[in-house]
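This is final_32.txt. It holds compact mmCIF, C-alpha atoms.
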# COMPACT_ATOMS: atom_id res chain seq x y z
CA MET J 155 31.61 -44.23 26.67
CA MET J 156 28.77 -43.26 29.00
CA ARG J 157 31.21 -41.37 31.19
CA TYR J 158 32.45 -39.49 28.13
CA LEU J 159 28.89 -38.58 27.07
CA SER J 160 28.10 -37.39 30.57
CA LEU J 161 31.16 -35.16 30.54
CA LEU J 162 30.07 -33.67 27.22
CA ALA J 163 26.61 -33.01 28.64
CA VAL J 164 28.09 -31.22 31.65
CA MET J 165 30.36 -29.12 29.43
CA ALA J 166 27.42 -28.19 27.21
CA GLY J 167 25.43 -27.18 30.26
CA VAL J 168 28.28 -24.98 31.51
CA LEU J 169 28.61 -23.40 28.04
CA VAL J 170 24.90 -22.57 27.90
CA ALA J 171 24.92 -21.26 31.47
CA GLY J 172 27.99 -19.16 30.76
CA CYS J 173 26.48 -17.56 27.65
CA SER J 174 23.59 -15.13 27.70
CA ILE J 175 21.60 -13.41 25.04
CA PRO J 176 21.85 -9.60 24.73
CA PRO J 177 19.79 -7.86 27.46
CA ARG J 178 16.89 -5.53 26.73
CA GLU J 179 14.35 -3.39 28.55
CA PRO J 180 10.81 -4.81 28.92
CA ALA J 181 8.62 -4.74 25.85
CA VAL J 182 5.67 -2.35 25.73
CA PRO J 183 2.58 -4.05 27.19
CA ARG J 184 0.09 -5.12 24.55
CA VAL J 185 -2.57 -2.65 25.70
CA ASP J 186 -0.10 0.26 25.54
CA THR J 187 1.35 -0.38 22.07
CA VAL J 188 -0.35 2.61 20.47
CA ARG J 189 0.16 4.86 23.51
CA ALA J 190 3.95 4.51 23.35
CA GLN J 191 5.27 7.65 21.66
CA PRO J 192 8.97 7.81 20.69
CA LEU J 193 10.44 11.15 21.77
CA GLY J 194 6.99 12.01 23.08
CA LEU J 195 5.81 12.87 19.54
CA SER J 196 2.21 11.91 18.80
CA ASN J 197 2.79 11.88 15.02
CA ALA J 198 6.26 10.29 14.95
CA ARG J 199 4.82 7.03 13.65
CA PHE J 200 1.64 5.20 12.75
CA PHE J 201 0.61 1.54 12.78
CA ALA J 202 -0.31 0.66 9.21
CA ASP J 203 -2.83 -1.95 10.36
CA GLY J 204 -4.46 0.34 12.92
CA ASP J 205 -6.93 3.21 13.03
CA PRO J 206 -6.34 5.26 9.83
CA LYS J 207 -7.58 8.49 11.45
CA PRO J 208 -4.13 9.72 12.66
CA MET J 209 -2.64 9.15 9.19
CA ILE J 210 -5.58 10.90 7.53
CA GLU J 211 -5.10 13.86 9.88
CA GLU J 212 -1.39 13.98 9.02
CA GLY J 213 -2.26 13.96 5.32
CA THR J 214 -4.83 16.74 5.81
CA ASP J 215 -2.32 18.83 7.74
CA SER J 216 0.28 18.31 5.02
CA VAL J 217 -2.14 19.74 2.44
CA LYS J 218 -2.69 22.80 4.64
CA ARG J 219 1.08 23.34 4.82
CA GLU J 220 1.32 22.84 1.06
CA VAL J 221 -1.41 25.41 0.41
CA ALA J 222 0.30 27.92 2.72
CA THR J 223 3.56 27.40 0.83
CA LEU J 224 1.89 27.89 -2.56
CA GLN J 225 0.20 31.08 -1.37
CA ALA J 226 3.48 32.42 0.02
CA GLU J 227 5.07 31.80 -3.39
CA GLY J 228 2.19 33.48 -5.22
CA ARG J 229 1.15 30.29 -6.98
CA PRO J 230 -2.47 29.21 -7.60
CA ILE J 231 -4.11 26.79 -5.19
CA ARG J 232 -7.22 26.05 -7.26
CA PRO J 233 -6.84 23.53 -8.56
CA LEU J 234 -4.00 22.10 -6.49
CA PRO J 235 -1.03 21.00 -8.63
CA PRO J 236 -0.66 17.28 -9.41
CA ALA J 237 0.61 15.14 -6.53
CA TYR J 238 3.39 12.66 -7.23
CA PHE J 239 4.06 9.68 -4.95
CA LEU J 240 7.12 7.42 -4.94
CA ALA J 241 7.33 4.04 -3.19
CA VAL J 242 10.72 2.28 -3.09
CA SER J 243 10.81 -1.38 -2.11
CA GLY J 244 13.27 -3.58 -0.29
CA GLY J 245 15.74 -5.80 -2.10
CA GLY J 246 19.15 -5.59 -0.40
CA ASP J 247 21.93 -4.89 -2.87
CA ASN J 248 19.31 -4.81 -5.65
CA GLY J 249 18.67 -1.29 -4.42
CA ALA J 250 21.33 -0.36 -6.97
CA PHE J 251 18.55 -0.69 -9.57
CA GLY J 252 16.43 1.99 -7.93
CA ALA J 253 19.44 4.23 -7.35
CA GLY J 254 20.39 4.01 -11.03
CA LEU J 255 16.82 4.63 -12.15
CA ILE J 256 16.51 7.74 -9.98
CA ASN J 257 19.83 9.11 -11.24
CA GLY J 258 18.76 8.46 -14.84
CA TRP J 259 15.42 10.13 -14.15
CA THR J 260 17.25 13.32 -13.26
CA GLU J 261 19.22 13.10 -16.52
CA LEU J 262 16.00 12.57 -18.44
CA GLY J 263 14.80 15.93 -17.17
CA ASN J 264 11.23 15.07 -16.14
CA ARG J 265 11.72 13.80 -12.59
CA PRO J 266 8.96 15.36 -10.47
CA GLN J 267 9.12 16.68 -6.94
CA PHE J 268 7.28 14.09 -4.88
CA LYS J 269 4.48 14.95 -2.50
CA MET J 270 5.31 11.76 -0.60
CA VAL J 271 8.15 9.22 -0.68
CA THR J 272 7.98 5.87 1.13
CA GLY J 273 10.70 3.27 1.62
CA VAL J 274 11.22 -0.18 3.09
CA SER J 275 14.54 -1.92 3.80
CA THR J 276 17.03 -0.87 1.11
CA GLY J 277 14.27 1.41 -0.13
CA ALA J 278 14.42 3.19 3.23
CA LEU J 279 18.07 4.04 2.56
CA ILE J 280 17.19 5.35 -0.92
CA ALA J 281 14.08 7.28 0.15
CA PRO J 282 15.69 10.31 1.88
CA PHE J 283 17.89 11.00 -1.16
CA ALA J 284 14.96 10.58 -3.56
CA PHE J 285 12.82 12.82 -1.35
CA LEU J 286 15.34 15.67 -1.25
CA GLY J 287 15.86 15.70 -5.00
CA SER J 288 18.60 15.68 -7.61
CA ALA J 289 21.11 17.53 -5.42
CA TYR J 290 21.54 14.23 -3.57
CA ASP J 291 21.98 12.01 -6.64
CA GLU J 292 25.75 11.84 -6.24
CA GLN J 293 25.45 10.58 -2.67
CA LEU J 294 22.88 8.01 -3.74
CA ARG J 295 25.14 6.81 -6.56
CA ASP J 296 28.09 6.60 -4.18
CA VAL J 297 26.20 4.42 -1.69
CA TYR J 298 25.07 1.91 -4.32
CA THR J 299 28.17 1.70 -6.49
CA THR J 300 30.89 1.56 -3.81
CA MET J 301 29.21 -0.68 -1.24
CA THR J 302 31.04 -3.83 -0.13
CA PRO J 303 30.12 -6.48 2.46
CA ASP J 304 32.57 -5.10 5.03
CA ARG J 305 30.75 -1.75 4.90
CA VAL J 306 27.49 -3.49 5.80
CA TYR J 307 28.18 -6.19 8.38
CA ILE J 308 30.66 -8.24 10.39
CA ALA J 309 29.88 -11.95 10.37
CA ARG J 310 29.55 -13.64 13.75
CA GLY J 311 30.36 -17.25 14.60
CA LEU J 312 27.87 -20.12 14.49
CA THR J 313 27.18 -19.75 18.21
CA ALA J 314 25.42 -16.48 17.39
CA ALA J 315 22.44 -18.59 16.34
CA LEU J 316 21.95 -19.54 20.00
CA PHE J 317 23.56 -16.80 22.05
CA ASN J 318 23.13 -13.57 20.09
CA ASP J 319 20.43 -11.61 18.28
CA ALA J 320 21.63 -12.16 14.70
CA MET J 321 24.27 -13.86 12.61
CA ALA J 322 25.90 -10.52 11.77
CA ASP J 323 26.83 -7.27 13.48
CA THR J 324 25.69 -4.27 11.42
CA SER J 325 27.77 -1.60 13.14
CA PRO J 326 29.53 -0.94 9.78
CA LEU J 327 26.13 -0.15 8.23
CA ALA J 328 25.40 2.13 11.19
CA GLY J 329 28.60 4.00 10.30
CA VAL J 330 27.52 4.36 6.65
CA ILE J 331 24.10 5.63 7.73
CA ALA J 332 25.71 8.14 10.12
CA LYS J 333 27.95 9.39 7.29
CA TYR J 334 24.99 10.31 5.10
CA ALA J 335 22.16 10.86 7.62
CA THR J 336 23.63 14.04 9.08
CA GLN J 337 22.03 16.93 10.89
CA SER J 338 22.24 18.86 7.63
CA LEU J 339 20.21 16.17 5.84
CA LEU J 340 17.71 16.11 8.70
CA ASP J 341 17.31 19.88 8.53
CA ALA J 342 16.66 19.65 4.78
CA ILE J 343 13.96 17.01 5.37
CA ALA J 344 12.38 19.20 8.06
CA ALA J 345 12.26 22.16 5.67
CA GLU J 346 10.41 20.09 3.05
CA TYR J 347 8.03 18.72 5.68
CA ARG J 348 7.06 22.28 6.58
CA LYS J 349 6.16 22.80 2.92
CA GLY J 350 3.69 19.92 3.08
CA ARG J 351 5.83 17.06 1.80
CA LEU J 352 6.03 13.66 3.52
CA LEU J 353 8.80 11.06 3.94
CA MET J 354 7.65 7.73 5.37
CA ILE J 355 9.80 4.72 6.32
CA GLY J 356 8.49 1.25 7.18
CA THR J 357 9.74 -1.09 9.92
CA THR J 358 8.28 -4.07 11.74
CA ASP J 359 7.60 -3.96 15.48
CA LEU J 360 8.58 -7.54 16.22
CA ASP J 361 7.15 -7.55 19.74
CA ALA J 362 3.72 -6.44 18.56
CA GLN J 363 4.01 -8.12 15.12
CA ARG J 364 2.75 -4.92 13.51
CA PRO J 365 3.83 -2.78 10.52
CA VAL J 366 5.06 0.67 11.55
CA ILE J 367 5.16 3.75 9.31
CA TRP J 368 7.64 6.34 10.59
CA ASN J 369 6.92 10.00 9.82
CA ILE J 370 10.52 11.10 9.25
CA GLY J 371 9.66 14.69 8.37
CA ALA J 372 7.71 15.20 11.59
CA ILE J 373 10.59 13.75 13.62
CA ALA J 374 13.07 16.00 11.80
CA ALA J 375 10.92 19.10 12.27
CA SER J 376 10.33 18.43 15.97
CA GLY J 377 13.64 19.95 17.00
CA HIS J 378 14.00 17.22 19.61
CA PRO J 379 17.66 16.60 20.58
CA GLY J 380 17.15 12.88 20.03
CA ALA J 381 15.65 13.23 16.54
CA LEU J 382 18.82 12.49 14.55
CA ASP J 383 19.65 9.40 16.60
CA LEU J 384 16.09 8.10 16.21
CA VAL J 385 16.09 8.61 12.43
CA ARG J 386 19.40 6.76 12.14
CA LYS J 387 17.97 3.89 14.18
CA ILE J 388 14.86 3.78 11.98
CA LEU J 389 16.94 3.55 8.80
CA ARG J 390 19.08 0.80 10.31
CA ALA J 391 16.02 -1.06 11.61
CA SER J 392 14.26 -0.96 8.26
CA ALA J 393 17.20 -2.86 6.74
CA ALA J 394 17.58 -5.31 9.65
CA ILE J 395 16.82 -8.67 8.04
CA PRO J 396 15.53 -10.83 10.94
CA GLY J 397 18.05 -13.43 12.02
CA ALA J 398 20.71 -12.18 9.63
CA PHE J 399 21.16 -8.59 10.83
CA GLU J 400 20.74 -7.51 14.44
CA PRO J 401 17.45 -5.85 15.36
CA VAL J 402 17.31 -2.25 16.56
CA MET J 403 15.97 -1.43 20.00
CA ILE J 404 13.96 1.80 20.22
CA ASP J 405 13.36 3.36 23.62
CA VAL J 406 9.87 4.57 24.55
CA GLU J 407 8.04 5.61 27.69
CA VAL J 408 4.48 5.01 28.86
CA ASP J 409 3.26 6.78 31.99
CA GLY J 410 6.85 7.44 33.02
CA LYS J 411 7.91 3.80 32.66
CA LYS J 412 10.71 2.90 30.25
CA TYR J 413 10.26 0.20 27.63
CA GLN J 414 11.99 -0.96 24.47
CA GLU J 415 10.51 -1.95 21.14
CA MET J 416 12.34 -4.41 18.92
CA HIS J 417 12.27 -3.27 15.30
CA VAL J 418 13.40 -5.17 12.20
CA ASP J 419 13.14 -4.98 8.42
CA GLY J 420 9.79 -3.60 7.29
CA GLY J 421 9.91 -6.29 4.61
CA ALA J 422 9.01 -8.87 7.25
CA ILE J 423 5.43 -7.68 6.68
CA ALA J 424 5.50 -5.71 3.41
CA GLN J 425 8.20 -5.24 0.78
CA LEU J 426 6.75 -1.86 -0.18
CA PHE J 427 3.86 0.44 0.62
CA LEU J 428 2.26 3.51 -0.89
CA TYR J 429 -0.40 4.20 1.73
CA PRO J 430 -2.56 1.79 3.77
CA PRO J 431 -5.59 0.46 1.84
CA SER J 432 -7.76 1.62 4.77
CA ILE J 433 -7.21 5.21 3.60
CA ASP J 434 -9.75 6.12 0.92
CA VAL J 435 -7.97 8.81 -1.08
CA ALA J 436 -10.77 9.03 -3.62
CA GLY J 437 -13.32 9.67 -0.88
CA SER J 438 -11.27 12.37 0.85
CA GLY J 439 -13.09 15.12 -0.99
CA LEU J 440 -9.81 16.66 -2.16
CA LYS J 441 -9.83 16.78 -5.94
CA ARG J 442 -6.41 16.71 -7.58
CA GLU J 443 -4.46 14.73 -10.15
CA ARG J 444 -2.37 11.96 -8.55
CA HIS J 445 0.48 9.84 -9.95
CA ALA J 446 2.15 6.91 -8.19
CA TYR J 447 5.59 5.56 -9.11
CA ILE J 448 6.57 2.18 -7.66
CA ILE J 449 10.18 0.96 -7.78
CA ARG J 450 10.45 -2.75 -7.04
CA ASN J 451 14.11 -3.55 -6.44
CA ALA J 452 13.74 -7.16 -7.57
CA ARG J 453 12.76 -9.31 -10.49
CA LEU J 454 9.12 -10.31 -10.76
CA ASP J 455 9.63 -13.46 -12.80
CA PRO J 456 10.56 -16.79 -11.14
CA ASP J 457 14.26 -17.18 -10.27
CA TYR J 458 14.89 -20.76 -11.38
CA ALA J 459 17.65 -22.72 -9.63
CA MET J 460 18.17 -26.39 -8.82
CA ALA J 461 17.99 -26.81 -5.04
CA GLU J 462 20.30 -29.23 -3.26
CA ARG J 463 18.65 -31.90 -1.16
CA ARG J 464 20.00 -30.36 2.02
CA THR J 465 18.00 -29.00 4.97
CA ILE J 466 19.52 -25.52 5.09
CA THR J 467 19.38 -25.18 1.30
CA ILE J 468 15.72 -26.18 1.16
CA ALA J 469 14.82 -23.83 4.03
CA GLY J 470 16.71 -20.92 2.43
CA ARG J 471 15.15 -21.55 -0.96
CA ALA J 472 11.68 -21.69 0.60
CA ILE J 473 12.22 -18.39 2.46
CA ASN J 474 13.42 -16.70 -0.74
CA THR J 475 10.34 -18.04 -2.53
CA MET J 476 8.03 -16.67 0.17
CA LEU J 477 9.74 -13.27 0.04
CA ALA J 478 9.43 -13.16 -3.75
CA ALA J 479 5.74 -14.04 -3.53
CA SER J 480 5.22 -11.43 -0.81
CA GLY J 481 6.90 -8.75 -2.92
CA TYR J 482 4.76 -9.61 -5.93
CA ASN J 483 1.60 -9.52 -3.79
CA ASP J 484 2.61 -6.05 -2.53
CA VAL J 485 2.91 -4.87 -6.13
CA ILE J 486 -0.53 -6.28 -6.96
CA ARG J 487 -2.15 -4.85 -3.82
CA THR J 488 -0.74 -1.39 -4.54
CA TYR J 489 -1.98 -1.58 -8.13
CA PHE J 490 -5.57 -2.34 -7.11
CA VAL J 491 -5.56 0.36 -4.42
CA THR J 492 -4.47 2.97 -6.99
CA LYS J 493 -7.12 1.79 -9.42
CA ARG J 494 -9.75 2.08 -6.69
CA ASP J 495 -8.64 5.62 -5.89
CA GLY J 496 -8.11 6.87 -9.44
CA VAL J 497 -4.34 7.25 -9.02
CA ASP J 498 -2.16 6.89 -12.14
CA TYR J 499 0.03 3.78 -11.64
CA ASN J 500 3.60 3.30 -12.86
CA LEU J 501 5.79 0.32 -11.94
CA ALA J 502 9.50 -0.29 -12.51
CA TYR J 503 11.28 -3.57 -11.74
CA ILE J 504 14.34 -5.59 -12.73
CA GLY J 505 13.59 -7.37 -15.98
CA SER J 506 14.60 -10.86 -17.03
CA ASP J 507 16.99 -9.26 -19.53
CA PHE J 508 19.37 -8.32 -16.70
CA GLU J 509 21.77 -11.27 -16.53
CA HIS J 510 24.95 -9.97 -14.88
CA PRO J 511 26.47 -12.70 -12.63
CA LYS J 512 26.48 -12.18 -8.88
CA LYS J 513 29.40 -13.58 -6.88
CA GLY J 514 27.96 -12.85 -3.46
CA GLU J 515 26.05 -10.33 -1.37
CA PHE J 516 26.97 -6.70 -2.04
CA ASP J 517 29.16 -7.68 -4.97
CA GLN J 518 30.37 -4.28 -6.20
CA ALA J 519 30.62 -5.27 -9.87
CA TYR J 520 27.06 -6.63 -9.77
CA MET J 521 25.72 -3.49 -8.10
CA GLN J 522 27.48 -1.22 -10.58
CA ALA J 523 26.03 -3.20 -13.48
CA LEU J 524 22.56 -3.05 -11.93
CA PHE J 525 22.88 0.69 -11.33
CA ALA J 526 23.75 1.15 -15.02
CA TYR J 527 20.81 -1.09 -15.99
CA GLY J 528 18.33 0.98 -13.96
CA ARG J 529 19.71 4.18 -15.45
CA ASN J 530 19.49 2.81 -19.00
CA GLN J 531 15.95 1.53 -18.47
CA ILE J 532 14.55 4.98 -17.77
CA LEU J 533 16.71 6.83 -20.31
CA SER J 534 15.53 4.42 -23.02
CA GLY J 535 11.85 4.82 -22.04
CA ARG J 536 11.48 1.20 -20.92
CA ALA J 537 11.26 1.64 -17.15
CA TRP J 538 7.60 2.21 -16.40
CA HIS J 539 4.89 -0.43 -16.70
CA LYS J 540 1.24 0.56 -16.40
CA VAL J 541 0.16 -2.92 -15.29
CA PRO J 542 2.03 -5.47 -13.09
CA PRO J 543 3.23 -8.64 -14.84
CA GLY J 544 0.66 -11.37 -14.64
CA LEU J 545 -2.18 -8.90 -15.06
CA GLY J 546 -1.00 -7.66 -18.44
CA GLN J 547 2.32 -8.21 -20.19
CA PRO J 548 4.69 -11.00 -19.08
CA ALA J 549 7.48 -10.18 -16.59
CA GLY J 550 10.61 -8.88 -18.27
CA VAL J 551 8.89 -7.78 -21.47
CA PRO J 552 9.74 -4.10 -22.09
CA PRO J 553 6.71 -1.76 -22.13
CA ARG J 554 5.97 0.71 -24.86
CA ALA J 555 7.99 3.91 -24.58
CA MET J 556 6.21 6.61 -22.59
What does this structure look like when you write it as structure tokens?
Amino acid sequence: MMRYLSLLAVMAGVLVAGCSIPPREPAVPRVDTVRAQPLGLSNARFFADGDPKPMIEEGTDSVKREVATLQAEGRPIRPLPPAYFLAVSGGGDNGAFGAGLINGWTELGNRPQFKMVTGVSTGALIAPFAFLGSAYDEQLRDVYTTMTPDRVYIARGLTAALFNDAMADTSPLAGVIAKYATQSLLDAIAAEYRKGRLLMIGTTDLDAQRPVIWNIGAIAASGHPGALDLVRKILRASAAIPGAFEPVMIDVEVDGKKYQEMHVDGGAIAQLFLYPPSIDVAGSGLKRERHAYIIRNARLDPDYAMAERRTITIAGRAINTMLAASGYNDVIRTYFVTKRDGVDYNLAYIGSDFEHPKKGEFDQAYMQALFAYGRNQILSGRAWHKVPPGLGQPAGVPPRAM
């Protein structure tokens, strides 16, 4: 018996020695985190937890571009027209809710042009379409009503837990992103950026453990030959659920030395963002009417389910609970920031009245039903809540028509 166990130990040692994790370039040194500039662009991205000055400067510059555009069109600049902001959260296949709501908003006829659109995870995939307007509704609908698991990932074996960077290969998702994130789309984003509009996508720098806000319009408008590839990587990274989907490595240089940053789902830190709380919009001195629309691609009431007394079930249930609590806290934080800054607040989320069964991840029938639900919510005047659940009306209770 002992001889048999020894043989197993030797075989296990050979297996471990014969397997290696995916290689990578060195991580950016801690002291150089902020100095690392993808594509050499100083405004390609910002750290949400860092010095707000670069983001404030980008916002100020965007207003200058907006004013120049208004003047060129012969439109008044005093006062500036109302500014509309849209923040789209993570939520995986629940992004079908946001896609349906945005399509229905176009049908309703009062969908504004947004001054800024932000997205995290599945919200990052929605954000470019929402930013560019109703001409992209069909593409958005296609993505969220025809998606299937095989178009998102390829499952790996159990050994991936030890010898790889995730349990699934997301090269199929990379193909979907490449299909829609074309040079034509990038050029359209660049054109809107030059008019003073902003498109921001959130990821998590796993090496630095910091939230990153990517300035997609600035990257698009840079004309850099690597811009399209970088934007595709950012979109893929924002949806890279740690452990489940492989991370995305982004190349940077500092003082001529090459490094790599490991980026994953922005939801690892925040499920959604409007703008960092460190930015005092009210104190900016720029007087204009502001409206914020928040799409939370999830329910905000507890998702009751009896948990099996099994280690992996308990761990999974606990992680889902933490993510749900994190998403709710993001909604609350955003609400109080808008109240502080005098920004009109509007929140949409999946109500408890949506009860379509879900057979698995990226279940097409489920996503189509959720798309229709989001569309019906806004067409019926029940989509927008002025106060998050828990602070006003209970979760799932329809608001008064607006």
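Close contacts of region 214-231 of chain J, defined as residues with an atom at most 8 Å away when counting only C-alpha atoms, with chain neighbours fewer than 6 positions off set aside, comprise Tyr347, Arg348, Lys349, Gly350, Arg351 and Leu352 of chain J.
When CA of Ile466 (chain J) is paired with CA of Asp359 (chain J), their separation reads 26.7 Å.
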Which value, in Å to one decimal, gives the distance between CA of Gly544 (chain J) and CA of Ala446 (chain J)?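 CA of Ala446 (chain J) lies at a distance of 19.4 Å from CA of Gly544 (chain J).
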When distances are computed from all atoms listed in the file, which of J:Ser325, J:Ser506, J:Asn264, J:Thr488 shows the smallest separation from Val402 (chain J)? J:Ser325
Got a sec to check which residues sit within 12 Å of (-0.5, -1.7, -13.6), counting all atoms listed in the file, and write them as a PyMOL selection string? chain J and resi 446-448+485-493+497-502+538-548+553
Could you write those residues out with C-alpha atoms, as a PDB file, in the frame of the given file?
ATOM      1  CA  ALA J 446       2.150   6.910  -8.190  1.00  0.00           C
ATOM      2  CA  TYR J 447       5.590   5.560  -9.110  1.00  0.00           C
ATOM      3  CA  ILE J 448       6.570   2.180  -7.660  1.00  0.00           C
ATOM      4  CA  VAL J 485       2.910  -4.870  -6.130  1.00  0.00           C
ATOM      5  CA  ILE J 486      -0.530  -6.280  -6.960  1.00  0.00           C
ATOM      6  CA  ARG J 487      -2.150  -4.850  -3.820  1.00  0.00           C
ATOM      7  CA  THR J 488      -0.740  -1.390  -4.540  1.00  0.00           C
ATOM      8  CA  TYR J 489      -1.980  -1.580  -8.130  1.00  0.00           C
ATOM      9  CA  PHE J 490      -5.570  -2.340  -7.110  1.00  0.00           C
ATOM     10  CA  VAL J 491      -5.560   0.360  -4.420  1.00  0.00           C
ATOM     11  CA  THR J 492      -4.470   2.970  -6.990  1.00  0.00           C
ATOM     12  CA  LYS J 493      -7.120   1.790  -9.420  1.00  0.00           C
ATOM     13  CA  VAL J 497      -4.340   7.250  -9.020  1.00  0.00           C
ATOM     14  CA  ASP J 498      -2.160   6.890 -12.140  1.00  0.00           C
ATOM     15  CA  TYR J 499       0.030   3.780 -11.640  1.00  0.00           C
ATOM     16  CA  ASN J 500       3.600   3.300 -12.860  1.00  0.00           C
ATOM     17  CA  LEU J 501       5.790   0.320 -11.940  1.00  0.00           C
ATOM     18  CA  ALA J 502       9.500  -0.290 -12.510  1.00  0.00           C
ATOM     19  CA  TRP J 538       7.600   2.210 -16.400  1.00  0.00           C
ATOM     20  CA  HIS J 539       4.890  -0.430 -16.700  1.00  0.00           C
ATOM     21  CA  LYS J 540       1.240   0.560 -16.400  1.00  0.00           C
ATOM     22  CA  VAL J 541       0.160  -2.920 -15.290  1.00  0.00           C
ATOM     23  CA  PRO J 542       2.030  -5.470 -13.090  1.00  0.00           C
ATOM     24  CA  PRO J 543       3.230  -8.640 -14.840  1.00  0.00           C
ATOM     25  CA  GLY J 544       0.660 -11.370 -14.640  1.00  0.00           C
ATOM     26  CA  LEU J 545      -2.180  -8.900 -15.060  1.00  0.00           C
ATOM     27  CA  GLY J 546      -1.000  -7.660 -18.440  1.00  0.00           C
ATOM     28  CA  GLN J 547       2.320  -8.210 -20.190  1.00  0.00           C
ATOM     29  CA  PRO J 548       4.690 -11.000 -19.080  1.00  0.00           C
ATOM     30  CA  PRO J 553       6.710  -1.760 -22.130  1.00  0.00           C
TER      31      PRO J 553
END
List every residue of region 333-381 of chain J that has an atom at most 9 Å from any atom of region 186-200 of chain J, and for each one report the closest atom pair and its distance in Å to one decimal, counting all atoms listed in the file, with rows sorted by chain and then by increasing residue number, as CSV.
residue,atom,partner,partner_atom,distance
J:Met354,CA,J:Arg199,CA,8.8
J:Ala362,CA,J:Thr187,CA,7.4
J:Pro365,CA,J:Phe200,CA,8.6
J:Val366,CA,J:Phe200,CA,5.8
J:Ile367,CA,J:Phe200,CA,5.1
J:Trp368,CA,J:Arg199,CA,4.2
J:Asn369,CA,J:Ala198,CA,5.2
J:Ile370,CA,J:Ala198,CA,7.2
J:Gly371,CA,J:Ala198,CA,8.6
J:Ala372,CA,J:Ala198,CA,6.1
J:Ile373,CA,J:Ala198,CA,5.7
J:Ser376,CA,J:Leu195,CA,8.0
J:His378,CA,J:Leu193,CA,7.4
J:Gly380,CA,J:Leu193,CA,7.1
J:Ala381,CA,J:Leu193,CA,7.7
J:Asn318, J:Ser243, J:Asn257, J:Gln518 ranked by distance to Ile175 (chain J), top pick (using only C-alpha atoms):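 For Ile175 (chain J), the nearest of the given residues is J:Asn318.
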Neighbours of Glu415 (chain J) within 6 Å (all atoms listed in the file; same-chain residues fewer than 6 positions away dropped), as number ranges by chain? J: 181, 403-404
Can you spit out the residues from that selection as a JSON list (two decimals), in the coordinates of the input, using C-alpha atoms?
[["chain", "number", "residue", "atom", "x", "y", "z"],
["J", 181, "ALA", "CA", 8.62, -4.74, 25.85],
["J", 403, "MET", "CA", 15.97, -1.43, 20.00],
["J", 404, "ILE", "CA", 13.96, 1.80, 20.22]]
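For the residues J:Ile388, J:Phe201, J:Gly254, J:Val408, ranking by smallest atom-to-atom distance to Val185 (chain J) using only C-alpha atoms places J:Val408 first.
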Would you pick out the contacts of region 277-280 of chain J at 9 Å or less, using all atoms listed in the file, so that residues sharing its chain but fewer than 4 positions from it are not included, and give the list as a PyMOL selection string? chain J and resi 241-246+249+252-253+272-273+284-285+294+331+354-356+388-390+392-393+426+449-451
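Shortest atom-to-atom contact with Asp304 (chain J) among J:Ala237, J:Ala250, J:Leu327, J:Leu384: J:Leu327, counting only C-alpha atoms.
For the residues J:Arg184, J:Ile210, J:Ala519, J:Arg295, ranking by smallest atom-to-atom distance to Ile433 (chain J) using all atoms listed in the file places J:Ile210 first.
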Students should find that CA of Phe516 (chain J) and CA of Asn248 (chain J) are spaced 8.7 Å
Hey, which of J:Thr324, J:Ala375, J:Gln414, J:Gln425 ends up closest to Ala391 (chain J)? Count only C-alpha atoms.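 Among J:Thr324, J:Ala375, J:Gln414, J:Gln425, it is J:Thr324 that comes nearest to Ala391 (chain J).
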Show me the residues around (10.2, -15.0, 5.0) - criterion: an atom at most 12 Å away, all atoms listed in the file counted - as a CSV table (one decimal) with C-alpha atoms, in the coordinates of the input.
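The resulting out10.csv:
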chain,number,residue,atom,x,y,z
J,395,ILE,CA,16.8,-8.7,8.0
J,396,PRO,CA,15.5,-10.8,10.9
J,397,GLY,CA,18.0,-13.4,12.0
J,398,ALA,CA,20.7,-12.2,9.6
J,419,ASP,CA,13.1,-5.0,8.4
J,420,GLY,CA,9.8,-3.6,7.3
J,421,GLY,CA,9.9,-6.3,4.6
J,422,ALA,CA,9.0,-8.9,7.2
J,423,ILE,CA,5.4,-7.7,6.7
J,424,ALA,CA,5.5,-5.7,3.4
J,425,GLN,CA,8.2,-5.2,0.8
J,469,ALA,CA,14.8,-23.8,4.0
J,470,GLY,CA,16.7,-20.9,2.4
J,471,ARG,CA,15.2,-21.6,-1.0
J,472,ALA,CA,11.7,-21.7,0.6
J,473,ILE,CA,12.2,-18.4,2.5
J,474,ASN,CA,13.4,-16.7,-0.7
J,475,THR,CA,10.3,-18.0,-2.5
J,476,MET,CA,8.0,-16.7,0.2
J,477,LEU,CA,9.7,-13.3,0.0
J,478,ALA,CA,9.4,-13.2,-3.8
J,479,ALA,CA,5.7,-14.0,-3.5
J,480,SER,CA,5.2,-11.4,-0.8
J,481,GLY,CA,6.9,-8.8,-2.9
Selection near Asp247 (chain J), 9 Å with all atoms listed in the file, sequence-local residues under 5 positions removed, as JSON, numbers by chain: {"J": [276, 298, 301, 451, 515, 516, 517, 520, 521]}
Let me have the centre and edge lengths in Å, one decimal, of the box along x, y and z around every listed atom of region 240-251 of chain J with 5 Å of margin on each side, as lines of an AutoDock Vina configuration file.
center_x = 14.5
center_y = 0.8
center_z = -4.9
size_x = 24.8
size_y = 23.2
size_z = 19.3
